[in-house]
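The structure under discussion appears below in the form of C-alpha cells.
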Amino acid sequence: MPNMRGDAMRGLAVFISDIRNCKSREAELRRINKELTNIRQRFRADKTLDGYQKKKYVCKLLFIFLLGHDIDFGYMEAVNLLSSNKYTEKQIGYLFISVIMNSSSDMKQLIIQNIRNDIQSRNPIFINLALQCVANIGDREMATAFTNDIPRLLVSGDTIDPVKQSAALCLLKLHRTSPESLQLNTEWTARIIHLLNDQHLGVATAAVSLIDALVKRSPDEYKGCVNLAVSRLSRIVTSSYTDFQDYTYYFVPAPWLCVKLLRLLENYPPPEDPSIRSRLNECLDTILNKAQEPLKSKKVQHSNARNAVLFEAINLIIHMDCESSLLVRACNQLGQFLQNRETNLRYLALESMCLLAASEFSHEAVKKHQETVINALKSERDVSVRQRAVDLLYAMCDRSNAEDIVQEMLTYLETADYTIREEMVLKIAILSEKYAVDYKWYLDIMLKLIRIAGDFVSEEVWYRVIQVVVNRADVQSYAAKIAFEALQAPACHENMIKVAGYILGEYGNLIALDPRSTPMIQFELLHTKYHLCSPTTRSLILSTYMKFINLFPEIKLHIQEILRHDSNYRSSDVEIQQRATEYLRLSEICSPTVLATVLEIMPPYPEKQSPLLVRLKQKKPLMEADTSGELSTAPISQSDDGPKLTDTAMHLHQQQQQNGLLVSLDTTESNGHYETSASSSLPSSFSSSSTALQTNKKFLFKNSDIIFENDILQIGIKGEPKKSVLHVEFYYGNKTNFNLTNLSASISLADELDPELRIHMEPVQTTIDPRAQIKQMGTIECLKDYRDLPKMSLSFFYSNVPQKIDFLLPVYLNKFIEKAEMDSNNYFLRWRNLDKPDQECQKIFAAKFPMSHDACGQKLEGFGWSNLHNIDVNADNFCGAGIFHTSAQQVGCLYRLEPNKQAKMYRLTIRASKAGVASHLAELLEDQF
Amino acid sequence: MIGGVFIYNHKGEVLISRVYRDDIGRNAVDAFRVNVIHARQQSRFPVVNIARTSFFYTKRSNIWLCAVAKQNINAAMVFEFLNKMIDVMQSYFGKISEENVKNNFVLIYELLDEILDFGYPQNSDTGVLKSFITQQGVRPVTREEQTNVTSAVTGQIGWRREGIKYRRNELFLDVIESVNLLMSQQGQVLSTHVAGRVVMKSYLSGMPECKFGINDKITVENRTKNTTDSTNATTNPNNGATNPATTTKTAIAIDDCQFHQCVKLSKFESEHSISFIPPDGEFELMRYRTTKDISLPFRVIPLVREIGRTKMEVKVVVKSNFKPTLIGQKIEIRIPIPPNTCDVQLLCMKGKAKHKASDNAIVWKMKRMGGMKESQLSAEIELTPNDKKKWNRPPISMNFEVPFAPSGFKVRYLKVFEHKLNYSDSETIKWVRYIGKSGLYETRS
C-alpha cells in the first residue's frame with residue numbers, strides 16, 4: 001500500500017478508538033448515531049468534499065457497517081471515489097463496494113461503468129483493483145458485463161503478468177458463480193490454452209485453475225490443453241529446483257503448478273498420441289523416482305510438497321489405468337508409506353491403495369501388502385485410518401484371500417470402533433457371501449457375526465442370510481443345526497433369535513430326528529427366548545410356531561395353548577394379538593392338508609442384486625463407487641428380498657413388516673412403474689386423433705360439469721346465464737406429470753354463414769404444468785334459436801406428440817331461458833294464446849328413471865324455467881314458464897308435464913311463441929325423465 | 001434462598017463474588033458473564049435461567065448486580081433485596097461506580113455477610129447496620145453498645161433504639177410523586193397514573209408515637225360521617241350539609257398503598273389511621289398509587305409536518321397547567337427525530353434547545369416555567385432521502401419537577417405523642433414539602 005502513512009486518516013483513527021473505549025452498547029450506539037449524522041451533514045452540505053475527506057467518511061461508514069449497523073447512504077460518494085486518480089481513494093471505494101453491494105440497479109450500472117473504465121485504463125494497479133472488485137462481487141451482472149473485457153485482458157499481448165494472473169483468477173471466480181452468464185468467445189480458446197506455456201509461472205498457475213474449470217464445462221473445446229500440459233509438466237519435472245527461483249518451495253519446483261497440471265490431465269483419458277503419452281509416462285516415472293531420492297531438507301514443508309505432487313501423480317496413474325509398470329511402482333511406493341511415521345501419509349496411502357486395488361494391473365501388487373494392512377487395522381491409533389484399512393481390505397479381497405481377510409475382519413470387529421461397526425458387518429457379510437466356496441463356512445461366519453456384533457447387524461444382513469438358506473437346499477439341514485446350537489447359548493442377540501426362529505420354522509423337521517433336538521426341545525428352547533424379545537420378533541416367532549404345527553403335529557396342543565395365552569391372545573400389541581387370534585383359528589378349523597398347503601416351505605427367492613450392496617452404497621455413496629464397480633454394473637432395479645411366508649392368508653401380517661423394509665431399499669422401481677403406466681395409457685386413448693365424445697347431458701340441468709375427460713386432460717365448464725349472454729369458464733386440468741404445451745382451443749359453429757351464437761373466448765395460456773389447472777373465460781351470446789351444438793376443438797402437445805380433441809360443447813338452448821313466475825289465470829291465458837300448430841309440441845314417452853315428483857321438479861327448475869305450483873288442478877302435474885332470450889327477441893315458453901304413474905309414461909307439452917323452439921325444447925327433455 | 005451475589009463491571013469483570021450456598025459453583029460467575037453481559041443479543045429479561053440456575057440481575061450505571069439461586073425462589077423478594085442492597089451501599093459510599101465498589105470492597109463483603117445469612121435476607125435497615133458496621137476502622141465496643149445492638153436486632157421495635165435525644169425535636173415530610181402519562185396526538189389521555197412516596201426524616205427524642213393523616217377518600221368519608229353524625233345530634237344541621245361538598249373536592253382515591261414496617265397495620269385496618277413509632281433518620285413511610293383525577297402539570301402539543309422526502313417541520317407547544325403562583329423546574333422536552341436527519345434548524349422562545357445527534361433527538365431545556373404559561377419551539381429538519389424504512393415516530397417525552405402533588409395528595413396532620421419525655425406535639429417542628437416529578441411522561445407525535 002503505497003504512501004499510507006502520508007495520508008493516514010486521523011479522524012477515522014479517533015472514531016475507532018472512541019468506539020473501542022465505549023463502555024456499553026448504548027454508548028457505542030450513541031457515538032455511531034452522532035457520527036452518522038455528521039457524515040450525512042458532510043455528504044449533503046458541502047458538495048466540495050475533497051477526495052481525502054470522502055475517503056475518510058466512506059471508511060467510517062464501512063467501519064460502522066462492519067460493526068453490524070445498517071448503512072443506507074453514501075453509496076454515491078463511494079462510487080465517486082472509484083473515479084479518483086489516487087490509489088488509496090480508489091482502493092477504499094472498491095473496498096466499500098465489494099463489502100456493501102446491495103444497492104439498486106442504476107447504481108450498479110454506474111459501478112460497472114467505473115470498473116470498465118479502470119479495466120480499460122493503462123494503469124496495471126487500477127486494472128488489478130477493478131479485477132479484484134469484480135471477483136469479490138462476482139455476481140451474474142458482473143459476469144455478463146465483463147464477459148468480453150476480462151478474457152481480452154487475459155489473452156492480449158501487452159498486459160503485464162500480474163494483471164494476467166488476476167484476470168485469470170477473476171474469470172475463474174465468475175465462472176464458478178455464474179457459469180451460464182459467462183460466455184467465452186471460442187476464438188480465445190486456443191489463446192487461453194496457450195497461457196499454459198506462459199513464461200511467467202504465476203500466470204501459468206492461475207491459468208491452469210481456470211482451464212481446469214473450463215475443461216469441466218466443455219472438455220472437447222479445450223482438448224488441446226493436454227499437449228501443452230504434458231510438455232509444461234515435463235519441463236518442470238525434469239528441471240532442477242534451482243531453475244525456478246521464486247517458484248521453488250522447499251526444493252520442490254513449482255509444486256502447486258505440478259499438482260494442478262496433473263489434476264487437469266485427470267479430466268481426459270490417457271493421450272492418444274504415443275509421443276505425448278511416452279512423455280507423460282516419463283514425467284510420472286520421474287516423479288516416482290524423485291520420491292525415492294533422499295530428502296533434501298528435514299523440514300516438513302519439503303516432504304509435504306513432494307508428497308503432494310507424488311500423490312497427485314499416483315491419482316493420475318490410477319485414473320489412466322493403463323500402464324501396469326507405473327501402477328505397480330505406485331503401489332510399491334504407497335506400500336512404503338504404509339509404514340511411515342506420519343499418520344496422514346498412512347491415511348492417504350491406504351486411500352489411494354483402495355483405488356489401486358480396483359485396477360486389474362495392480363490388484364496383485366496391492367495384495368502383497370495384506371499383512372501390513374491387517375497390522376494397520378490392529379495397531380493403528382487413529383480411527384479414520386483404521387476405517388481406510390477396512391476399506392482397503394474390502395477392496396483387495398478376492399477368492400484367494402477371502403477366508404483370511406474375513407477372519408481378520410471378524411477378529412477386529414470385536415474391538416472395532418462403534419462408528420464403523422455397522423459398515424464392517426455389511427462388508428463381512430458381502431465378502432463372505434461373494435467368495436464363499438462352501439456355504440457352511442458362510443453360515444458359520446454369519447452366525448458368528450451376529451453373535452459378535454448383533455446390534456450392528458442391519459435387517460438386510462439377516463434377511464440375506466435367510467435368503468441364502470432358503471435358496472440352497474444343501475445347507476438347510478446344517479443351517480437348522482447350527483441355528484439350534486446358537487440358540488442354546490444363554491444370552492442370544494435378538495437378531496440371532498430372529499434368524500434361528502425363522503430357520504427352525506422352515507427346516508426344523510430336518511433335525512427333528514436327532515434326540516438332542518426333538519420338536520419339543522426345539523419348541524421349548526425357542527420359547528425360553530420368546531418373552532425377552534421385542535414385539536416384532538415375537539410376531540415372527542408366532543409364525544414359526546404356526547409352522548411347527550404343520551411340521552410337528554404332536555406339539556400342536558402346546559402351541560395352541562401359547563397362542564391362547566392372554567399375553568398373546570390379548571396382547572397390547574395389535575400385531576401379536578392379530579397373529580395369535582388368526583393362527584389359533586387357523587389351527588383349529590383347518591384340516592391338516594389345508595394347513596400343509598398354507599404353511600408350505602418358502603419357495604426360493606429370485607436372485608437379484610444383494611440388498612447389502614445397496615445398503616452399503618446408501619451409507620457411503622462416494623467411497624464405494626469405484627471399489628464395487630464390477631458389482632454395481634448389475635441393474636439397480638431392486639425389490640424387497642426379505643423373508644416371506646408363502647401363504648396368502650398371512651400376507652396381511654407380513655405387509656407391515658415389508659413396508660418398513662421397502663422404504664429403506666431404493667424406490668426406483670416404484671417410480672419406474674409409475675412412468676410406464678403413465679405412458680402406456682397414451683396410445684390407447686389417442687390412437688384415433690379425433691374422438692368426438694358424446695355430449696354430456698348433465699349440463700342440461702346444471703351450470704357446471706366435466707365435459708371431457710381422458711387420461712391426460714380433464715375439461716370442466718361452468719356457466720352463468722344472464723339473459724341472452726352466457727358467461728362461461730373452461731377449466732383445463734393436466735392429469736399427467738408432464739407439461740402440456742402449445743395448447744389452443746377453438747369453438748366452431750355448425751352453421752358458420754348464419755351464426756346462431758356469437759362466441760368470444762379469451763386467449764388461453766399455452767402451457768399447462770404437470771398436475772395443474774388453467775382457466776379460460778369467455779362469453780356466448782345467443783343470437784337466435786338453434787339446434788346444432790357448437791363444436792369445440794382442442795389441440796396441444798403431450799411429450800412432443802401433437803394431440804387433438806374434438807367434442808360438442810353442451811351449450812343447449814335452455815341455458816338462455818330465464819325463469820318466469822305467473823299466476824294461474826295468467827298462465828292459462830298465455831297458454832291459450834299460443835295455439836298455432838308450430839308453436840306447440842307434445843311428446844309422450846316412457847319414464848327412464850323412477851317417477852319421483854321431487855326429482856322431476858328439481859330437474860325442471862334446473863332446466864331454467866320455473867316450476868309453478870297450484871296451477872294445474874292435478875297436483876302431480878308440473879306447469880311452468882320461462883323466457884328464452886336471444887339478442888334479437890324474447891320467446892315465451894310454457895310447458896306442462898303430466899306423469900302417468902300406472903303406465904310409467906310422461907306427456908310433455910311445450911308451447912313457445914316462436915316456431916320451432918317448442919319442438920327443440922321437447923327433444924332436449926324427451927329422454928330425461 | 002439466594003445462592004450467591006455477584007457484582008460485575010461493564011466489561012464483565014467480577015468485582016464482588018460472594019457465594020452463600022454449596023449448590024452454586026464458581027462457574028456460575030462465568031455463565032452469567034458469557035450469557036448475559038457478553039451476549040450478542042442484549043438480554044431483555046431481568047431473570048435468566050442458565051443450566052437450571054436462575055440469575056436475577058439489575059444494572060446501576062455501569063455496574064451489574066446479580067443474585068443467583070438454584071432453587072425456586074420468590075423473584076420479587078430477590079429484586080427487593082437487590083434494590084435494598086443498592087440503597088445500603090449508596091448510603092455508605094455514595095454513587096455506585098466501579099471505582100467506589102473497588103475502594104470499598106471490604107465494606108461490601110462485610111455488608112453482604114450481615115444482610116444475607118445462608119441466603120436468607122436479614123435486617124437491611126441502613127440505620128441499624130450503621131450502628132455496627134462502620135467505616136472508621138475498628139473501635140472498642142462498650143458492653144452497653146453491644147446490648148443496644150442486640151436488643152435492636154432482636155427486640156420488638158427493631159428499627160429504633162432507645163435513648164435517642166435531640167435538643168430540637170424536628171421532622172421533615174416529603175411527598176414525592178412521579179406522574180406517568182401517555183397522550184395521543186389529539187390530546188386524548190391514553191393512560192395515566194401517579195406513583196407516590198412519602199419520605200420522612202425524623203429527629204425526635206425518645207420513643208415517640210406518631211399519627212399521620214391524609215386526605216384519602218375512605219378515611220375522610222369515615223371522619224365526615226362521624227362528624228356529621230355528631231353535629232346533627234348537637235346544634236348546627238347546616239354544617240353537615242356543607243361538609244361533604246368540601247370533602248369530595250379534597251379527598252383522593254388511592255388505588256393501593258404500602259407502608260414501612262413501623263406502621264401498625266392492625267390499626268390501619270380497623271381505624272384507617274396511620275400510627276407508628278418512626279425509625280431515627282430518613283425512611284420511606286409509605287408508597288401509593290392513584291389513577292383518578294390527576295391534574296397533569298404540563299401539556300405538550302406537537303405538530304409534525306413532512307414536506308417532501310428531504311424536509312420536515314416540527315412545532316412543539318408546551319402549556320403549563322397549574323396555579324400561576326407556582327413554578328415548574330428542570331423542564332426538559334425530548335423530541336425524537338428520524339435517524340436519517342442530516343441537519344436541524346431550531347428556534348425556541350424560551351430556554352435552550354439542542355440537536356443531540358447521538359440520541360437522534362432534539363432536547364429542549366427550560367430552567368423554570370410559571371403556571372398557566374405557554375412556550376413554543378419550532379424546528380426545521382433536513383433529511384437524506386431514504387425509501388427503505390418508514391420512521392415510526394416515537395413519542396415525545398418530558399421531564400419536570402413541580403412543587404405540588406399532581407394526584408391531589410394532602411397531608412392533613414402529623415401528630416407526635418411522647419409520654420415519657422416532656423415535649424408535646426406542638427413543640428415539635430414539622431416541615432412538609434410536595435414534589436411532583438415526571439415519570440414516563442409521553443405524548444405521541
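Every chain in the C-alpha cells has a letter given in the order shown (A, B, ...), and although residue numbers restart at 1 in each chain, ligands are simply numbered from 1 in the order shown.
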Which of stretch 741-847 of chain A fall in strand (DSSP E), as a CSV table (one decimal) with N, CA, C and O atoms, in the first residue's frame:
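Final output, saved to selection11.csv:
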chain,number,residue,atom,x,y,z
A,741,THR,N,-48.0,-28.6,-23.8
A,741,THR,CA,-47.6,-27.3,-24.4
A,741,THR,C,-48.5,-27.0,-25.7
A,741,THR,O,-49.2,-27.9,-26.2
A,742,ASN,N,-48.3,-25.8,-26.2
A,742,ASN,CA,-48.9,-25.3,-27.4
A,742,ASN,C,-50.4,-25.6,-27.3
A,742,ASN,O,-51.0,-26.0,-28.3
A,743,LEU,N,-51.0,-25.3,-26.2
A,743,LEU,CA,-52.4,-25.6,-26.1
A,743,LEU,C,-53.2,-24.5,-26.9
A,743,LEU,O,-52.9,-23.3,-26.7
A,744,SER,N,-54.2,-25.0,-27.7
A,744,SER,CA,-55.1,-24.0,-28.3
A,744,SER,C,-56.5,-24.6,-28.4
A,744,SER,O,-56.6,-25.8,-28.6
A,745,ALA,N,-57.4,-23.7,-28.1
A,745,ALA,CA,-58.8,-24.2,-28.1
A,745,ALA,C,-59.6,-23.3,-29.1
A,745,ALA,O,-59.4,-22.1,-29.1
A,746,SER,N,-60.5,-23.9,-29.8
A,746,SER,CA,-61.4,-23.1,-30.7
A,746,SER,C,-62.7,-23.7,-30.7
A,746,SER,O,-62.9,-24.9,-30.5
A,747,ILE,N,-63.7,-22.9,-30.9
A,747,ILE,CA,-65.1,-23.3,-30.9
A,747,ILE,C,-65.7,-23.0,-32.3
A,747,ILE,O,-65.6,-21.8,-32.8
A,748,SER,N,-66.2,-24.0,-33.0
A,748,SER,CA,-66.7,-23.7,-34.3
A,748,SER,C,-68.2,-24.0,-34.3
A,748,SER,O,-68.7,-24.8,-33.6
A,757,LEU,N,-74.9,-18.2,-32.7
A,757,LEU,CA,-74.3,-17.8,-31.4
A,757,LEU,C,-73.1,-16.9,-31.7
A,757,LEU,O,-72.5,-17.1,-32.8
A,758,ARG,N,-72.9,-16.0,-30.9
A,758,ARG,CA,-71.7,-15.2,-31.0
A,758,ARG,C,-70.8,-15.6,-29.8
A,758,ARG,O,-71.1,-15.4,-28.7
A,759,ILE,N,-69.6,-16.2,-30.2
A,759,ILE,CA,-68.8,-16.7,-29.1
A,759,ILE,C,-67.5,-15.9,-29.0
A,759,ILE,O,-66.9,-15.6,-30.0
A,760,HIS,N,-67.2,-15.5,-27.8
A,760,HIS,CA,-66.0,-14.8,-27.6
A,760,HIS,C,-65.2,-15.5,-26.5
A,760,HIS,O,-65.7,-15.6,-25.4
A,761,MET,N,-64.0,-16.0,-26.8
A,761,MET,CA,-63.2,-16.7,-25.8
A,761,MET,C,-62.0,-15.8,-25.6
A,761,MET,O,-61.3,-15.4,-26.5
A,773,GLN,N,-54.0,-26.8,-13.3
A,773,GLN,CA,-55.2,-26.5,-14.0
A,773,GLN,C,-55.1,-25.0,-14.4
A,773,GLN,O,-54.6,-24.2,-13.8
A,774,ILE,N,-55.6,-24.8,-15.6
A,774,ILE,CA,-55.7,-23.4,-16.1
A,774,ILE,C,-57.2,-23.1,-16.4
A,774,ILE,O,-58.0,-24.0,-16.6
A,775,LYS,N,-57.5,-21.8,-16.5
A,775,LYS,CA,-58.8,-21.4,-16.7
A,775,LYS,C,-58.9,-20.5,-17.9
A,775,LYS,O,-58.0,-19.8,-18.2
A,776,GLN,N,-60.0,-20.7,-18.6
A,776,GLN,CA,-60.3,-19.8,-19.8
A,776,GLN,C,-61.7,-19.2,-19.6
A,776,GLN,O,-62.6,-20.0,-19.3
A,777,MET,N,-61.8,-17.9,-19.8
A,777,MET,CA,-63.1,-17.3,-19.7
A,777,MET,C,-63.6,-16.9,-21.0
A,777,MET,O,-62.9,-16.7,-22.0
A,778,GLY,N,-64.9,-16.8,-21.1
A,778,GLY,CA,-65.5,-16.3,-22.4
A,778,GLY,C,-67.0,-16.1,-22.2
A,778,GLY,O,-67.5,-16.3,-21.2
A,779,THR,N,-67.5,-15.6,-23.3
A,779,THR,CA,-69.0,-15.4,-23.3
A,779,THR,C,-69.6,-16.0,-24.6
A,779,THR,O,-69.0,-16.0,-25.6
A,780,ILE,N,-70.8,-16.5,-24.4
A,780,ILE,CA,-71.5,-17.0,-25.6
A,780,ILE,C,-72.8,-16.2,-25.6
A,780,ILE,O,-73.6,-16.2,-24.6
A,781,GLU,N,-73.1,-15.6,-26.7
A,781,GLU,CA,-74.3,-14.8,-26.8
A,781,GLU,C,-75.2,-15.5,-27.8
A,781,GLU,O,-74.8,-16.0,-28.9
A,782,CYS,N,-76.4,-15.6,-27.4
A,782,CYS,CA,-77.4,-16.3,-28.3
A,782,CYS,C,-78.0,-15.3,-29.2
A,782,CYS,O,-78.6,-14.3,-28.8
A,791,LYS,N,-69.1,-26.9,-31.9
A,791,LYS,CA,-68.1,-27.9,-31.7
A,791,LYS,C,-66.8,-27.3,-31.1
A,791,LYS,O,-66.4,-26.2,-31.6
A,792,MET,N,-66.2,-27.9,-30.2
A,792,MET,CA,-65.0,-27.4,-29.6
A,792,MET,C,-63.9,-28.3,-30.0
A,792,MET,O,-64.0,-29.5,-30.0
A,793,SER,N,-62.8,-27.7,-30.5
A,793,SER,CA,-61.6,-28.5,-30.9
A,793,SER,C,-60.4,-27.9,-30.1
A,793,SER,O,-60.2,-26.7,-30.0
A,794,LEU,N,-59.7,-28.9,-29.6
A,794,LEU,CA,-58.6,-28.5,-28.7
A,794,LEU,C,-57.3,-29.2,-29.3
A,794,LEU,O,-57.4,-30.4,-29.7
A,795,SER,N,-56.2,-28.5,-29.4
A,795,SER,CA,-55.0,-29.2,-29.8
A,795,SER,C,-53.9,-28.8,-28.8
A,795,SER,O,-53.9,-27.7,-28.3
A,796,PHE,N,-53.0,-29.8,-28.6
A,796,PHE,CA,-51.9,-29.5,-27.7
A,796,PHE,C,-50.8,-30.5,-28.0
A,796,PHE,O,-51.0,-31.5,-28.7
A,797,PHE,N,-49.6,-30.3,-27.4
A,797,PHE,CA,-48.5,-31.3,-27.5
A,797,PHE,C,-48.4,-32.0,-26.1
A,797,PHE,O,-48.2,-31.3,-25.1
A,798,TYR,N,-48.4,-33.3,-26.2
A,798,TYR,CA,-48.1,-34.0,-25.0
A,798,TYR,C,-46.9,-34.8,-25.2
A,798,TYR,O,-46.8,-35.7,-26.1
A,801,VAL,N,-45.8,-35.0,-28.8
A,801,VAL,CA,-46.7,-35.7,-29.7
A,801,VAL,C,-47.9,-34.8,-29.8
A,801,VAL,O,-48.6,-34.5,-28.8
A,802,PRO,N,-48.3,-34.3,-31.0
A,802,PRO,CA,-49.5,-33.5,-31.1
A,802,PRO,C,-50.8,-34.3,-30.8
A,802,PRO,O,-50.9,-35.5,-31.2
A,803,GLN,N,-51.6,-33.7,-30.1
A,803,GLN,CA,-52.9,-34.3,-29.7
A,803,GLN,C,-54.0,-33.4,-30.2
A,803,GLN,O,-53.9,-32.2,-30.1
A,804,LYS,N,-55.1,-34.0,-30.6
A,804,LYS,CA,-56.3,-33.2,-31.0
A,804,LYS,C,-57.5,-33.8,-30.4
A,804,LYS,O,-57.7,-35.0,-30.4
A,805,ILE,N,-58.3,-33.0,-29.8
A,805,ILE,CA,-59.6,-33.5,-29.2
A,805,ILE,C,-60.7,-32.6,-29.8
A,805,ILE,O,-60.7,-31.4,-29.8
A,806,ASP,N,-61.7,-33.3,-30.3
A,806,ASP,CA,-63.0,-32.6,-30.8
A,806,ASP,C,-64.1,-33.1,-30.0
A,806,ASP,O,-64.3,-34.3,-29.7
A,807,PHE,N,-65.0,-32.2,-29.6
A,807,PHE,CA,-66.2,-32.7,-29.0
A,807,PHE,C,-67.2,-31.5,-29.1
A,807,PHE,O,-66.9,-30.4,-29.3
A,808,LEU,N,-68.5,-31.9,-28.8
A,808,LEU,CA,-69.6,-30.9,-28.9
A,808,LEU,C,-69.7,-30.2,-27.6
A,808,LEU,O,-69.6,-30.9,-26.5
A,817,ILE,N,-82.7,-19.6,-21.2
A,817,ILE,CA,-84.1,-19.5,-20.7
A,817,ILE,C,-84.1,-18.9,-19.3
A,817,ILE,O,-83.3,-19.3,-18.4
A,818,GLU,N,-84.9,-17.9,-19.1
A,818,GLU,CA,-85.0,-17.3,-17.8
A,818,GLU,C,-86.3,-17.6,-17.2
A,818,GLU,O,-87.3,-17.7,-17.9
A,819,LYS,N,-86.3,-17.8,-15.9
A,819,LYS,CA,-87.5,-18.2,-15.2
A,819,LYS,C,-88.6,-17.1,-15.3
A,819,LYS,O,-88.3,-15.9,-15.3
A,820,ALA,N,-89.8,-17.6,-15.4
A,820,ALA,CA,-90.9,-16.6,-15.3
A,820,ALA,C,-91.9,-17.1,-14.3
A,820,ALA,O,-92.3,-18.2,-14.3
A,840,GLU,N,-96.7,-25.4,-30.8
A,840,GLU,CA,-96.9,-26.4,-29.7
A,840,GLU,C,-96.2,-27.7,-30.1
A,840,GLU,O,-96.1,-28.0,-31.3
A,841,CYS,N,-95.6,-28.4,-29.1
A,841,CYS,CA,-95.1,-29.7,-29.4
A,841,CYS,C,-95.4,-30.6,-28.2
A,841,CYS,O,-95.3,-30.2,-27.1
A,842,GLN,N,-95.9,-31.7,-28.6
A,842,GLN,CA,-96.3,-32.6,-27.5
A,842,GLN,C,-95.5,-34.0,-27.7
A,842,GLN,O,-95.5,-34.5,-28.8
A,843,LYS,N,-95.0,-34.5,-26.6
A,843,LYS,CA,-94.3,-35.7,-26.7
A,843,LYS,C,-94.8,-36.6,-25.6
A,843,LYS,O,-95.1,-36.2,-24.5
A,844,ILE,N,-95.0,-37.9,-26.0
A,844,ILE,CA,-95.3,-38.9,-25.0
A,844,ILE,C,-94.2,-39.9,-24.9
A,844,ILE,O,-93.8,-40.4,-26.0
A,845,PHE,N,-93.7,-40.1,-23.7
A,845,PHE,CA,-92.5,-41.0,-23.7
A,845,PHE,C,-92.6,-41.8,-22.4
A,845,PHE,O,-93.2,-41.4,-21.4
A,846,ALA,N,-91.8,-42.9,-22.4
A,846,ALA,CA,-91.8,-43.8,-21.2
A,846,ALA,C,-90.8,-43.2,-20.2
A,846,ALA,O,-89.8,-42.6,-20.6
Tell me the residues of chain A close to chain B, meaning within 9 Å using only C-alpha atoms, as a ChimeraX atom specification. /A:23-25,27,29-45,72-73
Could those residues be written to a file, using N, CA and C atoms, as an mmCIF file, in the first residue's frame?
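Generated output (again-v4.cif):
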data_model
loop_
_atom_site.group_PDB
_atom_site.id
_atom_site.type_symbol
_atom_site.label_atom_id
_atom_site.label_comp_id
_atom_site.auth_asym_id
_atom_site.auth_seq_id
_atom_site.Cartn_x
_atom_site.Cartn_y
_atom_site.Cartn_z
ATOM 1 N N LYS A 23 -18.057 2.176 26.902
ATOM 2 C CA LYS A 23 -18.188 1.232 27.998
ATOM 3 C C LYS A 23 -19.399 0.349 27.841
ATOM 4 N N SER A 24 -20.362 0.759 27.059
ATOM 5 C CA SER A 24 -21.553 -0.065 26.930
ATOM 6 C C SER A 24 -22.061 0.022 25.503
ATOM 7 N N ARG A 25 -22.950 -0.879 25.232
ATOM 8 C CA ARG A 25 -23.535 -0.929 23.908
ATOM 9 C C ARG A 25 -24.254 0.376 23.570
ATOM 10 N N ALA A 27 -23.627 3.332 24.689
ATOM 11 C CA ALA A 27 -22.665 4.401 24.414
ATOM 12 C C ALA A 27 -22.136 4.281 22.996
ATOM 13 N N LEU A 29 -23.674 2.908 20.481
ATOM 14 C CA LEU A 29 -24.739 3.296 19.556
ATOM 15 C C LEU A 29 -24.834 4.810 19.458
ATOM 16 N N ARG A 30 -24.681 5.471 20.595
ATOM 17 C CA ARG A 30 -24.784 6.930 20.596
ATOM 18 C C ARG A 30 -23.654 7.547 19.772
ATOM 19 N N ARG A 31 -22.488 6.987 19.950
ATOM 20 C CA ARG A 31 -21.339 7.523 19.211
ATOM 21 C C ARG A 31 -21.556 7.324 17.712
ATOM 22 N N ILE A 32 -22.090 6.193 17.348
ATOM 23 C CA ILE A 32 -22.301 5.898 15.933
ATOM 24 C C ILE A 32 -23.373 6.815 15.364
ATOM 25 N N ASN A 33 -24.445 7.002 16.122
ATOM 26 C CA ASN A 33 -25.511 7.906 15.662
ATOM 27 C C ASN A 33 -24.951 9.293 15.393
ATOM 28 N N LYS A 34 -24.118 9.719 16.309
ATOM 29 C CA LYS A 34 -23.547 11.047 16.171
ATOM 30 C C LYS A 34 -22.706 11.124 14.906
ATOM 31 N N GLU A 35 -21.915 10.100 14.703
ATOM 32 C CA GLU A 35 -21.039 10.088 13.544
ATOM 33 C C GLU A 35 -21.850 10.034 12.255
ATOM 34 N N LEU A 36 -22.919 9.231 12.287
ATOM 35 C CA LEU A 36 -23.744 9.106 11.077
ATOM 36 C C LEU A 36 -24.347 10.454 10.706
ATOM 37 N N THR A 37 -24.842 11.171 11.718
ATOM 38 C CA THR A 37 -25.413 12.487 11.443
ATOM 39 C C THR A 37 -24.353 13.411 10.872
ATOM 40 N N ASN A 38 -23.182 13.315 11.450
ATOM 41 C CA ASN A 38 -22.079 14.140 10.967
ATOM 42 C C ASN A 38 -21.774 13.830 9.500
ATOM 43 N N ILE A 39 -21.696 12.543 9.186
ATOM 44 C CA ILE A 39 -21.363 12.164 7.806
ATOM 45 C C ILE A 39 -22.470 12.613 6.864
ATOM 46 N N ARG A 40 -23.712 12.441 7.314
ATOM 47 C CA ARG A 40 -24.834 12.884 6.484
ATOM 48 C C ARG A 40 -24.694 14.363 6.163
ATOM 49 N N GLN A 41 -24.370 15.108 7.200
ATOM 50 C CA GLN A 41 -24.242 16.549 7.025
ATOM 51 C C GLN A 41 -23.153 16.867 6.010
ATOM 52 N N ARG A 42 -22.033 16.147 6.144
ATOM 53 C CA ARG A 42 -20.905 16.405 5.242
ATOM 54 C C ARG A 42 -21.284 16.068 3.812
ATOM 55 N N PHE A 43 -21.874 14.936 3.664
ATOM 56 C CA PHE A 43 -22.185 14.471 2.313
ATOM 57 C C PHE A 43 -23.247 15.350 1.677
ATOM 58 N N ARG A 44 -24.026 16.019 2.484
ATOM 59 C CA ARG A 44 -25.074 16.835 1.909
ATOM 60 C C ARG A 44 -24.601 18.267 1.697
ATOM 61 N N ALA A 45 -24.094 18.842 2.799
ATOM 62 C CA ALA A 45 -23.879 20.283 2.769
ATOM 63 C C ALA A 45 -22.819 20.689 1.750
ATOM 64 N N ASP A 72 -27.488 3.188 4.830
ATOM 65 C CA ASP A 72 -28.396 3.367 3.703
ATOM 66 C C ASP A 72 -28.041 4.604 2.877
ATOM 67 N N PHE A 73 -26.870 5.108 3.027
ATOM 68 C CA PHE A 73 -26.477 6.240 2.192
ATOM 69 C C PHE A 73 -24.971 6.182 1.984
#
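Excluding stretch 93-106 of chain B itself and same-chain residues fewer than 5 positions from it, the residues having an atom within 10 Å of it are Ile7, Tyr8, Asn9, His10, Leu15, Ile16, Arg60, Ser61, Asn62, Ile63, Trp64, Ile86, Asp87, Val88, Leu111, Leu112 and Gln135 of chain B, counting only C-alpha atoms.
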Neighbours of A:Asn128 within 7 Å (only C-alpha atoms; same-chain residues fewer than 3 positions away dropped), as a PyMOL selection string? chain A and resi 124-125+131-132+163+166
Need to verify the contact set: stretch 302-308 of chain B, 12 Å, only C-alpha atoms, exclusion of same-chain residues closer than 2 positions in sequence. Can you return it as a ChimeraX atom specification? /B:183-187,299-300,310-319,333-338,375-386,391,393,395-397,442-445
Skip stretch 133-148 of chain A itself and residues of its chain fewer than 5 positions away, then list as a PyMOL selection string all residues within 12 Å of it, counting only C-alpha atoms. chain A and resi 82+90-102+105+108-120+126-128+153-156+166-188
